[in-house]
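Participant: Below is the file target20.txt, which contains compact mmCIF, C-alpha atoms and all ligand atoms.
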# COMPACT_ATOMS: atom_id res chain seq x y z
CA VAL A 1 -3.75 6.19 -25.83
CA LYS A 2 -3.18 8.67 -23.00
CA GLY A 3 -1.19 7.99 -19.87
CA VAL A 4 0.55 9.89 -17.08
CA LEU A 5 4.32 10.27 -17.37
CA ALA A 6 6.92 11.87 -15.12
CA VAL A 7 9.41 13.45 -17.53
CA GLY A 8 12.89 14.63 -16.49
CA THR A 9 14.26 14.67 -12.95
CA GLY A 10 14.84 17.01 -10.01
CA LEU A 11 13.86 20.64 -10.63
CA GLY A 12 13.21 19.85 -14.31
CA LEU A 13 10.60 17.19 -13.43
CA THR A 14 7.18 17.59 -15.03
CA ILE A 15 4.24 15.26 -14.53
CA GLY A 16 1.40 15.23 -17.02
CA VAL A 17 -0.75 13.35 -19.51
CA HIS A 18 1.07 12.21 -22.68
CA ASP A 19 0.55 9.85 -25.60
CA VAL A 20 1.84 6.45 -24.49
CA THR A 21 2.22 3.16 -26.35
CA ASP A 22 -1.05 1.31 -26.93
CA PRO A 23 -0.63 -2.33 -25.90
CA SER A 24 -0.53 -4.45 -29.03
CA GLU A 25 -3.00 -7.26 -29.87
CA PRO A 26 -3.26 -9.65 -26.89
CA GLU A 27 -1.45 -12.97 -27.25
CA GLY A 28 -1.72 -16.17 -25.21
CA LEU A 29 -2.51 -15.28 -21.60
CA ASP A 30 -2.59 -11.48 -22.13
CA VAL A 31 -5.53 -9.43 -20.92
CA ILE A 32 -6.03 -5.87 -22.20
CA VAL A 33 -7.61 -3.68 -19.50
CA GLU A 34 -9.39 -0.41 -20.13
CA VAL A 35 -8.43 1.45 -16.95
CA ARG A 36 -11.14 3.41 -15.15
CA ALA A 37 -9.26 4.44 -11.98
CA ALA A 38 -5.68 4.33 -10.65
CA GLY A 39 -4.36 4.69 -7.09
CA ILE A 40 -1.61 7.22 -6.30
CA ALA A 41 0.41 6.77 -3.09
CA LEU A 42 3.76 7.19 -1.38
CA PRO A 43 5.38 4.35 -3.40
CA ASP A 44 4.55 6.35 -6.59
CA LEU A 45 6.47 9.32 -5.20
CA LEU A 46 9.43 7.06 -4.44
CA LEU A 47 9.27 5.75 -8.04
CA ILE A 48 8.95 9.26 -9.52
CA ASP A 49 11.85 10.47 -7.40
CA GLY A 50 14.03 7.45 -8.30
CA ALA A 51 14.10 6.27 -4.66
CA TYR A 52 12.28 2.93 -5.10
CA PRO A 53 14.68 0.05 -4.53
CA GLY A 54 15.37 -2.13 -7.55
CA VAL A 55 13.41 -0.02 -10.06
CA GLU A 56 15.42 2.04 -12.54
CA ARG A 57 13.99 5.53 -13.07
CA ALA A 58 13.45 6.15 -16.82
CA ASP A 59 13.50 9.66 -18.40
CA ARG A 60 9.86 9.22 -19.38
CA HIS A 61 8.66 7.40 -16.32
CA PRO A 62 5.12 5.92 -16.29
CA VAL A 63 3.09 6.83 -13.19
CA GLY A 64 0.79 4.60 -11.16
CA ILE A 65 1.14 1.01 -9.93
CA GLU A 66 -2.45 -0.01 -9.16
CA PHE A 67 -5.61 0.18 -11.22
CA ALA A 68 -9.19 -0.95 -11.64
CA GLY A 69 -11.01 -1.26 -14.95
CA VAL A 70 -12.74 -3.48 -17.45
CA VAL A 71 -11.40 -6.27 -19.66
CA ALA A 72 -11.31 -4.90 -23.24
CA ASP A 73 -9.69 -7.86 -25.05
CA ILE A 74 -8.12 -11.25 -24.26
CA GLY A 75 -5.49 -13.54 -25.77
CA ASP A 76 -6.58 -16.96 -27.06
CA GLY A 77 -5.20 -18.77 -23.96
CA VAL A 78 -7.18 -16.75 -21.40
CA THR A 79 -9.77 -18.82 -19.54
CA ARG A 80 -10.51 -16.95 -16.27
CA PHE A 81 -11.66 -13.61 -17.72
CA SER A 82 -13.98 -12.44 -20.50
CA VAL A 83 -14.41 -9.11 -22.23
CA GLY A 84 -16.43 -6.81 -19.95
CA ASP A 85 -15.29 -8.34 -16.63
CA ARG A 86 -14.38 -5.86 -13.91
CA VAL A 87 -10.80 -6.36 -12.75
CA CYS A 88 -8.11 -4.76 -10.60
CA GLY A 89 -4.39 -5.33 -10.01
CA MET A 90 -0.88 -3.92 -10.10
CA VAL A 91 1.70 -3.18 -12.80
CA TYR A 92 5.25 -1.91 -12.50
CA PRO A 93 7.35 0.16 -14.95
CA PRO A 94 7.74 0.08 -17.94
CA GLN A 95 3.94 0.06 -17.68
CA GLY A 96 2.02 2.66 -15.68
CA ALA A 97 -1.37 2.08 -14.11
CA ALA A 98 -2.52 5.65 -14.88
CA SER A 99 -2.89 4.82 -18.61
CA GLU A 100 -6.09 4.36 -20.58
CA ARG A 101 -5.14 0.80 -21.58
CA LEU A 102 -2.63 -1.69 -20.27
CA VAL A 103 -1.73 -5.33 -20.79
CA ILE A 104 -1.36 -7.83 -17.93
CA ALA A 105 -1.15 -11.63 -17.66
CA GLU A 106 -4.44 -13.19 -16.54
CA GLY A 107 -2.58 -14.86 -13.65
CA ASP A 108 -1.73 -11.42 -12.22
CA LEU A 109 -5.27 -10.02 -12.23
CA GLY A 110 -7.91 -9.88 -9.51
CA ARG A 111 -11.67 -9.86 -9.99
CA THR A 112 -13.19 -6.65 -8.59
CA PRO A 113 -15.51 -7.41 -5.66
CA SER A 114 -19.01 -6.73 -6.98
CA ARG A 115 -19.92 -4.28 -4.18
CA LEU A 116 -17.05 -1.92 -5.01
CA THR A 117 -16.98 0.96 -7.46
CA ASP A 118 -13.96 1.18 -9.77
CA ILE A 119 -12.66 4.05 -7.64
CA GLN A 120 -12.82 1.89 -4.50
CA ALA A 121 -11.29 -1.06 -6.37
CA ALA A 122 -8.30 1.06 -7.45
CA ALA A 123 -7.60 1.56 -3.74
CA LEU A 124 -7.57 -2.18 -3.06
CA PRO A 125 -4.60 -4.01 -4.69
CA SER A 126 -1.46 -2.71 -2.97
CA ALA A 127 -3.09 -1.99 0.40
CA PHE A 128 -5.03 -5.25 0.78
CA MET A 129 -2.48 -7.62 -0.77
CA THR A 130 0.15 -6.17 1.56
CA ALA A 131 -2.18 -6.15 4.57
CA HIS A 132 -2.95 -9.83 3.89
CA CYS A 133 0.77 -10.68 3.85
CA VAL A 134 1.48 -8.55 6.92
CA LEU A 135 -1.32 -9.82 9.13
CA PHE A 136 -2.03 -13.36 8.01
CA ARG A 137 0.85 -14.79 5.98
CA GLN A 138 3.67 -13.29 8.06
CA GLY A 139 2.14 -11.75 11.19
CA ALA A 140 -0.18 -14.72 11.98
CA VAL A 141 -2.63 -12.50 13.88
CA ARG A 142 -5.06 -14.36 16.16
CA PRO A 143 -8.38 -13.20 17.63
CA GLY A 144 -7.88 -11.20 20.83
CA GLU A 145 -4.29 -10.22 20.03
CA ARG A 146 -3.22 -6.58 20.20
CA VAL A 147 -2.05 -5.01 16.93
CA LEU A 148 -0.44 -1.56 16.52
CA VAL A 149 -0.47 0.00 13.05
CA LEU A 150 1.99 2.85 12.39
CA ALA A 151 1.12 5.29 9.55
CA GLY A 152 -2.35 4.02 10.41
CA ALA A 153 -4.14 6.47 8.10
CA SER A 154 -2.18 5.44 4.98
CA GLY A 155 -3.95 3.25 2.43
CA LEU A 156 -2.04 0.27 3.78
CA GLY A 157 -2.54 1.30 7.40
CA LEU A 158 -6.31 1.51 7.05
CA ALA A 159 -6.42 -1.85 5.25
CA CYS A 160 -4.44 -3.38 8.15
CA ILE A 161 -6.82 -1.80 10.68
CA GLN A 162 -9.90 -3.09 8.82
CA LEU A 163 -8.55 -6.63 8.35
CA ALA A 164 -7.09 -6.93 11.86
CA ARG A 165 -10.41 -5.84 13.41
CA ALA A 166 -12.33 -8.22 11.16
CA ALA A 167 -10.01 -11.02 12.35
CA GLY A 168 -10.90 -10.23 15.97
CA ALA A 169 -7.77 -8.33 17.03
CA GLU A 170 -7.72 -5.29 19.32
CA VAL A 171 -6.23 -2.57 17.15
CA TYR A 172 -4.20 0.52 18.06
CA ALA A 173 -3.00 3.05 15.48
CA ALA A 174 -0.62 6.00 15.25
CA ALA A 175 -0.59 8.78 12.65
CA SER A 176 -0.32 12.56 12.22
CA ALA A 177 -2.48 14.63 14.60
CA GLY A 178 -5.12 15.63 12.01
CA LYS A 179 -5.96 11.99 11.23
CA LEU A 180 -6.77 10.65 14.71
CA GLU A 181 -10.50 11.28 14.59
CA ALA A 182 -10.78 9.33 11.33
CA LEU A 183 -8.85 6.45 12.92
CA GLU A 184 -11.20 6.45 15.90
CA GLY A 185 -14.06 6.28 13.41
CA MET A 186 -12.50 3.07 12.08
CA GLY A 187 -12.99 1.46 15.49
CA VAL A 188 -9.44 1.45 16.85
CA ALA A 189 -9.07 1.03 20.61
CA ARG A 190 -6.85 4.13 20.69
CA ALA A 191 -5.44 6.53 18.05
CA LEU A 192 -2.15 8.25 18.91
CA ASP A 193 -0.22 11.18 17.41
CA TYR A 194 3.25 9.76 16.85
CA ALA A 195 4.80 13.23 16.52
CA GLU A 196 4.17 13.74 20.25
CA GLU A 197 7.00 13.01 22.67
CA GLY A 198 6.24 9.80 24.62
CA TRP A 199 3.19 9.01 22.43
CA HIS A 200 3.58 5.26 23.03
CA GLU A 201 3.86 5.34 26.82
CA SER A 202 0.20 4.59 27.51
CA LEU A 203 0.07 1.55 25.17
CA PRO A 204 -0.37 -1.98 26.53
CA GLU A 205 2.16 -4.62 25.43
CA LEU A 206 1.53 -5.62 21.81
CA ASP A 207 1.48 -8.84 19.80
CA VAL A 208 1.94 -7.48 16.29
CA ILE A 209 3.31 -4.11 15.14
CA VAL A 210 3.05 -2.95 11.52
CA ASP A 211 5.96 -0.55 10.93
CA PRO A 212 6.75 1.19 7.62
CA LEU A 213 8.71 3.99 9.33
CA GLY A 214 12.06 2.28 9.85
CA GLY A 215 15.17 3.56 11.63
CA ASP A 216 14.60 4.30 15.30
CA SER A 217 10.97 3.28 14.92
CA PHE A 218 11.95 -0.38 14.41
CA ALA A 219 13.84 -0.32 17.73
CA LEU A 220 10.97 1.37 19.54
CA SER A 221 8.41 -1.03 18.05
CA TYR A 222 10.49 -4.05 19.08
CA SER A 223 10.60 -2.74 22.65
CA LEU A 224 6.77 -2.46 22.69
CA LEU A 225 6.23 -6.18 21.90
CA ARG A 226 5.38 -8.72 24.54
CA ALA A 227 6.76 -12.29 24.50
CA GLY A 228 5.63 -14.00 21.31
CA GLY A 229 5.31 -10.61 19.60
CA ARG A 230 6.02 -9.99 15.90
CA LEU A 231 7.41 -6.77 14.41
CA VAL A 232 6.54 -6.56 10.70
CA CYS A 233 8.93 -4.22 8.85
CA LEU A 234 7.63 -2.70 5.62
CA ASP A 235 9.69 0.31 4.68
CA ALA A 236 12.14 2.82 6.08
CA ILE A 237 10.48 6.16 5.52
CA THR A 238 11.43 8.50 8.30
CA ARG A 239 8.71 10.21 10.19
CA HIS A 240 8.90 13.92 9.33
CA PRO A 241 8.91 16.00 12.52
CA GLU A 242 6.32 18.45 11.17
CA PRO A 243 2.77 17.30 10.41
CA GLY A 244 2.32 17.90 6.70
CA GLY A 245 6.07 17.52 6.19
CA THR A 246 7.08 16.07 2.85
CA ASP A 247 10.38 14.45 3.74
CA PHE A 248 10.04 10.77 2.93
CA ARG A 249 13.67 9.88 2.33
CA ARG A 250 14.62 6.37 3.31
CA GLU A 251 16.73 6.21 6.43
CA PRO A 252 17.30 2.59 7.36
CA GLY A 253 19.34 3.66 10.43
CA ASP A 254 21.82 1.30 12.03
CA ILE A 255 19.37 -0.80 14.02
CA ARG A 256 20.60 -4.37 14.66
CA PHE A 257 18.72 -7.29 16.20
CA ASP A 258 20.52 -9.89 18.30
CA PRO A 259 19.17 -13.43 17.78
CA ILE A 260 20.15 -14.55 21.28
CA GLU A 261 18.34 -11.61 22.84
CA MET A 262 15.39 -12.32 20.48
CA LEU A 263 15.13 -15.96 21.50
CA ILE A 264 15.26 -15.09 25.19
CA ALA A 265 12.57 -12.43 24.68
CA ALA A 266 10.66 -14.74 22.26
CA LYS A 267 10.11 -11.89 19.79
CA SER A 268 10.30 -11.97 15.98
CA VAL A 269 11.28 -9.40 13.38
CA ILE A 270 9.69 -10.07 10.01
CA GLY A 271 10.20 -8.44 6.61
CA VAL A 272 7.42 -8.08 4.08
CA ASN A 273 8.17 -7.26 0.46
CA MET A 274 5.06 -8.02 -1.49
CA PRO A 275 6.54 -8.74 -4.96
CA ALA A 276 9.03 -11.15 -3.33
CA LEU A 277 6.14 -12.96 -1.58
CA TRP A 278 3.92 -13.21 -4.63
CA GLU A 279 6.82 -14.88 -6.46
CA VAL A 280 6.66 -17.79 -3.98
CA ASP A 281 2.90 -17.72 -3.34
CA GLY A 282 1.69 -18.61 -6.83
CA GLY A 283 1.86 -15.14 -8.35
CA GLN A 284 0.18 -11.80 -7.94
CA GLY A 285 -3.22 -13.18 -8.98
CA ALA A 286 -3.19 -15.67 -6.09
CA LEU A 287 -2.58 -12.84 -3.60
CA MET A 288 -5.20 -10.66 -5.32
CA GLU A 289 -7.67 -13.51 -4.80
CA GLN A 290 -6.87 -13.50 -1.07
CA ALA A 291 -7.12 -9.69 -0.87
CA CYS A 292 -10.43 -9.49 -2.79
CA GLY A 293 -11.72 -12.48 -0.79
CA HIS A 294 -11.20 -10.67 2.53
CA VAL A 295 -12.99 -7.58 1.19
CA GLU A 296 -15.94 -9.73 0.00
CA ARG A 297 -16.15 -11.92 3.11
CA TRP A 298 -15.93 -9.15 5.68
CA THR A 299 -17.89 -6.53 3.67
CA ILE A 300 -15.00 -4.11 3.89
CA GLU A 301 -14.62 -1.11 1.60
CA PRO A 302 -11.17 0.30 0.82
CA VAL A 303 -10.94 3.90 2.06
CA VAL A 304 -10.63 6.54 -0.69
CA ALA A 305 -9.11 9.81 0.56
CA ALA A 306 -9.80 11.93 -2.53
CA THR A 307 -10.36 11.53 -6.27
CA PHE A 308 -8.88 13.63 -9.07
CA ALA A 309 -9.41 13.53 -12.84
CA ILE A 310 -6.35 12.31 -14.74
CA ASP A 311 -5.77 15.83 -16.15
CA ASP A 312 -5.44 17.04 -12.55
CA VAL A 313 -2.71 14.51 -11.70
CA HIS A 314 -0.59 17.32 -10.20
CA SER A 315 -3.15 17.91 -7.49
CA ALA A 316 -3.28 14.17 -6.75
CA ILE A 317 0.51 13.99 -6.40
CA ASP A 318 0.64 17.16 -4.28
CA TYR A 319 -2.07 15.73 -2.00
CA VAL A 320 0.08 12.66 -1.31
CA ARG A 321 3.31 14.67 -1.02
CA GLN A 322 1.69 16.93 1.55
CA ARG A 323 0.62 13.85 3.55
CA ARG A 324 -2.98 14.98 3.50
CA ASN A 325 -4.40 11.56 2.59
CA ILE A 326 -6.53 9.45 4.91
CA GLY A 327 -6.66 6.30 2.77
CA ARG A 328 -5.88 6.13 -0.94
CA VAL A 329 -5.79 8.99 -3.46
CA VAL A 330 -7.39 7.86 -6.74
CA LEU A 331 -7.16 9.23 -10.29
CA THR A 332 -10.16 8.74 -12.56
CA LEU A 333 -9.67 8.06 -16.28
N1 LIG B 1 6.96 -3.71 1.83
C1 LIG B 1 5.90 -3.75 1.04
O1 LIG B 1 5.65 -4.74 0.34
C2 LIG B 1 4.98 -2.58 1.00
C3 LIG B 1 3.79 -2.63 0.24
C4 LIG B 1 2.93 -1.52 0.23
C5 LIG B 1 3.28 -0.38 0.96
N2 LIG B 1 4.45 -0.36 1.67
C6 LIG B 1 4.82 0.84 2.44
O2 LIG B 1 3.79 1.17 3.34
C7 LIG B 1 3.75 2.59 3.51
C8 LIG B 1 2.35 3.08 3.27
O3 LIG B 1 2.07 2.89 1.88
P1 LIG B 1 0.72 3.43 1.25
O4 LIG B 1 0.75 3.02 -0.17
O5 LIG B 1 -0.41 2.99 2.08
O6 LIG B 1 0.92 5.02 1.36
P2 LIG B 1 -0.09 6.22 1.40
O7 LIG B 1 -1.50 5.78 1.39
O8 LIG B 1 0.34 7.19 0.35
O9 LIG B 1 0.17 6.89 2.84
C9 LIG B 1 1.39 7.42 3.18
C10 LIG B 1 1.32 7.95 4.62
O10 LIG B 1 2.53 7.61 5.29
C11 LIG B 1 2.66 8.45 6.41
N3 LIG B 1 4.04 8.87 6.58
C12 LIG B 1 4.80 8.56 7.66
N4 LIG B 1 6.01 9.13 7.56
C13 LIG B 1 6.00 9.84 6.41
C14 LIG B 1 6.98 10.68 5.78
N5 LIG B 1 8.18 10.90 6.31
N6 LIG B 1 6.66 11.26 4.63
C15 LIG B 1 5.47 11.05 4.06
N7 LIG B 1 4.51 10.27 4.62
C16 LIG B 1 4.77 9.68 5.78
C17 LIG B 1 1.75 9.67 6.16
O11 LIG B 1 0.70 9.61 7.12
P3 LIG B 1 0.87 10.45 8.50
O12 LIG B 1 0.83 11.90 8.07
O13 LIG B 1 -0.27 10.04 9.32
O14 LIG B 1 2.19 10.09 9.09
C18 LIG B 1 1.24 9.44 4.75
O15 LIG B 1 -0.05 9.95 4.56
C19 LIG B 1 4.79 3.16 2.55
O16 LIG B 1 5.97 3.39 3.26
C20 LIG B 1 4.99 2.06 1.54
O17 LIG B 1 6.25 2.07 0.92
C21 LIG B 1 5.29 -1.43 1.71
If you convert what's in this file into structure tokens, what do you get?
Facilitator:
Amino acid sequence: VKGVLAVGTGLGLTIGVHDVTDPSEPEGLDVIVEVRAAGIALPDLLLIDGAYPGVERADRHPVGIEFAGVVADIGDGVTRFSVGDRVCGMVYPPQGAASERLVIAEGDLGRTPSRLTDIQAAALPSAFMTAHCVLFRQGAVRPGERVLVLAGASGLGLACIQLARAAGAEVYAAASAGKLEALEGMGVARALDYAEEGWHESLPELDVIVDPLGGDSFALSYSLLRAGGRLVCLDAITRHPEPGGTDFRREPGDIRFDPIEMLIAAKSVIGVNMPALWEVDGGQGALMEQACGHVERWTIEPVVAATFAIDDVHSAIDYVRQRRNIGRVVLTL
């Protein structure tokens, strides 16, 4: 079967379609999925570049961590899915989501909401599972609260905006200048260009801030919270000074929080690492059920920025590297 691999490193890195191992006959709880579409996003670039924490970069590195497709075969212990069911979910290396076929445990799979195309469903797993954890499991957003989403036009950012609005929050978002109109179209109270000096000065005090930027941004976000506020930390990419800049190195900075100051201010700083949370929350499938449930209940559609055929994977990766995406870039297989 065909799949996308990143071969080599640094200047010698090539990304293309190769023959990859066909998953063997399914056993026990295995489900074989024929993949129809796979999401490509910033975390894929971190994986390709060997900058993803805790994941060893192999010489022939499989690309893609989220997919949507159809069940092609099942092991004899599988009870929740049948051949032909539409499913979506996430896999990590040594498997890649941008492969024609993959194997996954039935407990890790989600059922694709019936309204969604496979392309939309490939944009769902990472963004909506994480948005669920950020807003509801950890951020405990309540109706009427004010939420600020940084990197608001990312796949995750837009999922947070959609879910927070559906939950009755007043939502603010910040992103690169070229993406503000799209954010306004998503119904945010205000969209701000975070490359502008003093961009945050007109904001009201906030209850929840979703921050994947890290470094100085964590300190700024904390200062924007009102009493009872929650800062949800997701990553430490550094905001590139130039719109369209491709510098996404992790710079955690030396920010420190003082628990005595935090208790006096009644503010919280919360970490979200999705795989760590699904370990304690009954597995990936349980979180996928939550994520797909929100999309069904609130008639939300994941935002697809652009689609590329698998043979054009370079263009998909360049699109993400150049920060052009508003929502999720999707490869079709
Ligand atoms: N902790 C977790 O469990 C978890 C789970 C999922 C995702 N995340 C994190 O959430 C963030 C968004 O993920 P995603 O999958 O939604 O990504 P995505 O759809 O590929 O969007 C990435 C966006 O991030 C923004 N960005 C801000 N600073 C950037 C920089 N220095 N370089 C490149 N892009 C930058 C860009 O939008 P602008 O041009 O508007 O700035 C870019 O379009 C990532 O940092 C990811 O690692 C964390």
Participant: Ligand LIG 1 (chain B), all listed atoms, 5 Å padding on each side: what axis-aligned box centre and edge lengths in Å to one decimal come out, as JSON?
Facilitator:
{"center_x": 3.3, "center_y": 3.6, "center_z": 4.6, "size_x": 19.7, "size_y": 26.6, "size_z": 19.5}
Participant: Report as CSV: every residue of chain A with an atom at most 6 Å from ligand LIG 1 (chain B), its closest pair of atoms, and their distance in Å to one decimal, counting only C-alpha atoms and all ligand atoms, with rows sorted by chain and ascending residue number.
Facilitator:
residue,atom,partner,partner_atom,distance
A:Ala41,CA,B:LIG1,O8,3.5
A:Leu42,CA,B:LIG1,O8,3.8
A:Pro43,CA,B:LIG1,O17,5.0
A:Ser126,CA,B:LIG1,C4,5.6
A:Ala127,CA,B:LIG1,O5,5.9
A:Thr130,CA,B:LIG1,C3,5.2
A:Ala151,CA,B:LIG1,C11,4.7
A:Ala153,CA,B:LIG1,O13,5.4
A:Ser154,CA,B:LIG1,O9,3.5
A:Gly155,CA,B:LIG1,O5,3.6
A:Leu156,CA,B:LIG1,O5,3.6
A:Gly157,CA,B:LIG1,O5,6.0
A:Ala175,CA,B:LIG1,O13,3.6
A:Ser176,CA,B:LIG1,O13,3.8
A:Pro212,CA,B:LIG1,O16,4.9
A:Leu234,CA,B:LIG1,N1,4.0
A:Asp235,CA,B:LIG1,O16,5.0
A:Ile237,CA,B:LIG1,N5,5.3
A:Thr238,CA,B:LIG1,N5,4.5
A:Arg239,CA,B:LIG1,N4,3.9
A:His240,CA,B:LIG1,N5,4.3
A:Thr246,CA,B:LIG1,N6,5.1
A:Asp247,CA,B:LIG1,N5,4.9
A:Phe248,CA,B:LIG1,N6,3.8
A:Val272,CA,B:LIG1,N1,4.9
A:Asn273,CA,B:LIG1,O1,3.6
A:Met274,CA,B:LIG1,O1,3.8
A:Val320,CA,B:LIG1,O8,5.7
A:Arg323,CA,B:LIG1,O15,4.1
A:Arg324,CA,B:LIG1,O15,5.9
A:Asn325,CA,B:LIG1,O15,5.0
A:Gly327,CA,B:LIG1,O7,5.4
A:Arg328,CA,B:LIG1,O7,5.0
Participant: Near range 4-11 of chain A, counting all atoms listed in the file, which residues have an atom at most 7 Å away, once you skip same-chain residues fewer than 6 positions from it, shown as a list in words?
Facilitator: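 Here the answer would be Val17, His18, Ile48, Asp59, Arg60, His61, Pro62, Val63, Ala98 and Ser99 of chain A.
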Participant: Could you please determine the separation between CA of Pro23 in chain A and CA of Leu102 in chain A in Å, to one decimal place?
Facilitator: 6.0 Å
Participant: In Å, with one decimal, what is the gap from CA of Cys233 in chain A to CA of Glu301 in chain A?
Facilitator: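 So the answer is 24.8 Å.
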Participant: Between A:Leu45, A:Met262, A:Ala316, A:Val31, which residue has the minimum interatomic distance to Val87 in chain A, considering only C-alpha atoms?
Facilitator: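 Once distances to Val87 in chain A are computed over only C-alpha atoms, the minimum belongs to A:Val31.
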Participant: Name all residues at most 12 Å from Phe308 in chain A (count only C-alpha atoms; drop same-chain ones fewer than 2 positions away) and give them as a list in words.
Facilitator: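 Listing them by chain and then by number gives Ala37, Ala38, Gly39, Ile40, Ala98, Ile119, Val304, Ala305, Ala306, Ile310, Asp311, Asp312, Val313, His314, Ser315, Ala316, Ile317, Asp318, Tyr319, Val320, Arg328, Val329, Val330, Leu331, Thr332 and Leu333 of chain A.
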Participant: Output C-alpha atoms for every residue in the selection just made, as an mmCIF file, keeping the file's coordinate frame.
Facilitator:
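Output file again_3.cif follows:
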data_model
loop_
_atom_site.group_PDB
_atom_site.id
_atom_site.type_symbol
_atom_site.label_atom_id
_atom_site.label_comp_id
_atom_site.auth_asym_id
_atom_site.auth_seq_id
_atom_site.Cartn_x
_atom_site.Cartn_y
_atom_site.Cartn_z
ATOM 1 C CA ALA A 37 -9.260 4.440 -11.980
ATOM 2 C CA ALA A 38 -5.680 4.330 -10.650
ATOM 3 C CA GLY A 39 -4.360 4.690 -7.090
ATOM 4 C CA ILE A 40 -1.610 7.220 -6.300
ATOM 5 C CA ALA A 98 -2.520 5.650 -14.880
ATOM 6 C CA ILE A 119 -12.660 4.050 -7.640
ATOM 7 C CA VAL A 304 -10.630 6.540 -0.690
ATOM 8 C CA ALA A 305 -9.110 9.810 0.560
ATOM 9 C CA ALA A 306 -9.800 11.930 -2.530
ATOM 10 C CA ILE A 310 -6.350 12.310 -14.740
ATOM 11 C CA ASP A 311 -5.770 15.830 -16.150
ATOM 12 C CA ASP A 312 -5.440 17.040 -12.550
ATOM 13 C CA VAL A 313 -2.710 14.510 -11.700
ATOM 14 C CA HIS A 314 -0.590 17.320 -10.200
ATOM 15 C CA SER A 315 -3.150 17.910 -7.490
ATOM 16 C CA ALA A 316 -3.280 14.170 -6.750
ATOM 17 C CA ILE A 317 0.510 13.990 -6.400
ATOM 18 C CA ASP A 318 0.640 17.160 -4.280
ATOM 19 C CA TYR A 319 -2.070 15.730 -2.000
ATOM 20 C CA VAL A 320 0.080 12.660 -1.310
ATOM 21 C CA ARG A 328 -5.880 6.130 -0.940
ATOM 22 C CA VAL A 329 -5.790 8.990 -3.460
ATOM 23 C CA VAL A 330 -7.390 7.860 -6.740
ATOM 24 C CA LEU A 331 -7.160 9.230 -10.290
ATOM 25 C CA THR A 332 -10.160 8.740 -12.560
ATOM 26 C CA LEU A 333 -9.670 8.060 -16.280
#
Participant: Taking into account only C-alpha atoms, which residue in the set A:Val269, A:Arg111, A:Leu220, A:Cys160 is nearest to Met129 in chain A?
Facilitator: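 Of A:Val269, A:Arg111, A:Leu220, A:Cys160, the one nearest Met129 in chain A is A:Cys160, counting only C-alpha atoms.
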Participant: Rounded to one decimal, what separation in Å do you get between CA of Ala122 in chain A and CA of Gln138 in chain A?
Facilitator: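 These atoms are spaced 24.3 Å apart.
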Participant: Hey, which of A:Gly187, A:Gly84, A:Gly107, A:Gly214 ends up closest to Val33 in chain A? Count only C-alpha atoms.
Facilitator: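 Of A:Gly187, A:Gly84, A:Gly107, A:Gly214, the one nearest Val33 in chain A is A:Gly84, counting only C-alpha atoms.
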Participant: Tell me which of A:Ile255, A:Ala167, A:Ala291, A:Val103 sits closest to Thr21 in chain A, counting only C-alpha atoms.
Facilitator: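 Closest to Thr21 in chain A of all the choices is A:Val103.
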Participant: Give me the residues near His294 in chain A as a list in words, where near means some atom within 9 Å (using all atoms listed in the file) and where sequence neighbours in that chain fewer than 6 positions away do not count.
Facilitator: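 Surrounding residues, per the criterion: Phe128, His132, Leu163 and Ile300 of chain A.
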Participant: Calculated over all atoms listed in the file, which of the candidates A:Glu197, A:Glu27, A:Asp281, A:Asp207 has the smallest distance to Gly144 in chain A?
Facilitator: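 Of A:Glu197, A:Glu27, A:Asp281, A:Asp207, the one nearest Gly144 in chain A is A:Asp207, counting all atoms listed in the file.
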Participant: Which is closer to Glu106 in chain A than all the others in A:Leu158, A:Val188, A:Val303, A:Val71, using only C-alpha atoms?
Facilitator: A:Val71
Participant: Need to verify the contact set: Ala140 in chain A, 12 Å, all atoms listed in the file, exclusion of same-chain residues closer than 6 positions in sequence. Can you return it as a list in words?
Facilitator: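 The residues satisfying every condition are Ala131, His132, Cys133, Val134, Arg146, Val147, Ala164, Ala167, Ala169, Asp207, Val208, Ile209, Gly228, Gly229, Arg230, Leu231, Val232, Ser268 and Ile270 of chain A.
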Participant: For range 78-80 of chain A, please output as an MDAnalysis selection string all residues within 7 Å (counting all atoms listed in the file; exclusion window: fewer than 4 positions along the same chain).
Facilitator: chainID A and resid 28:29 74 106
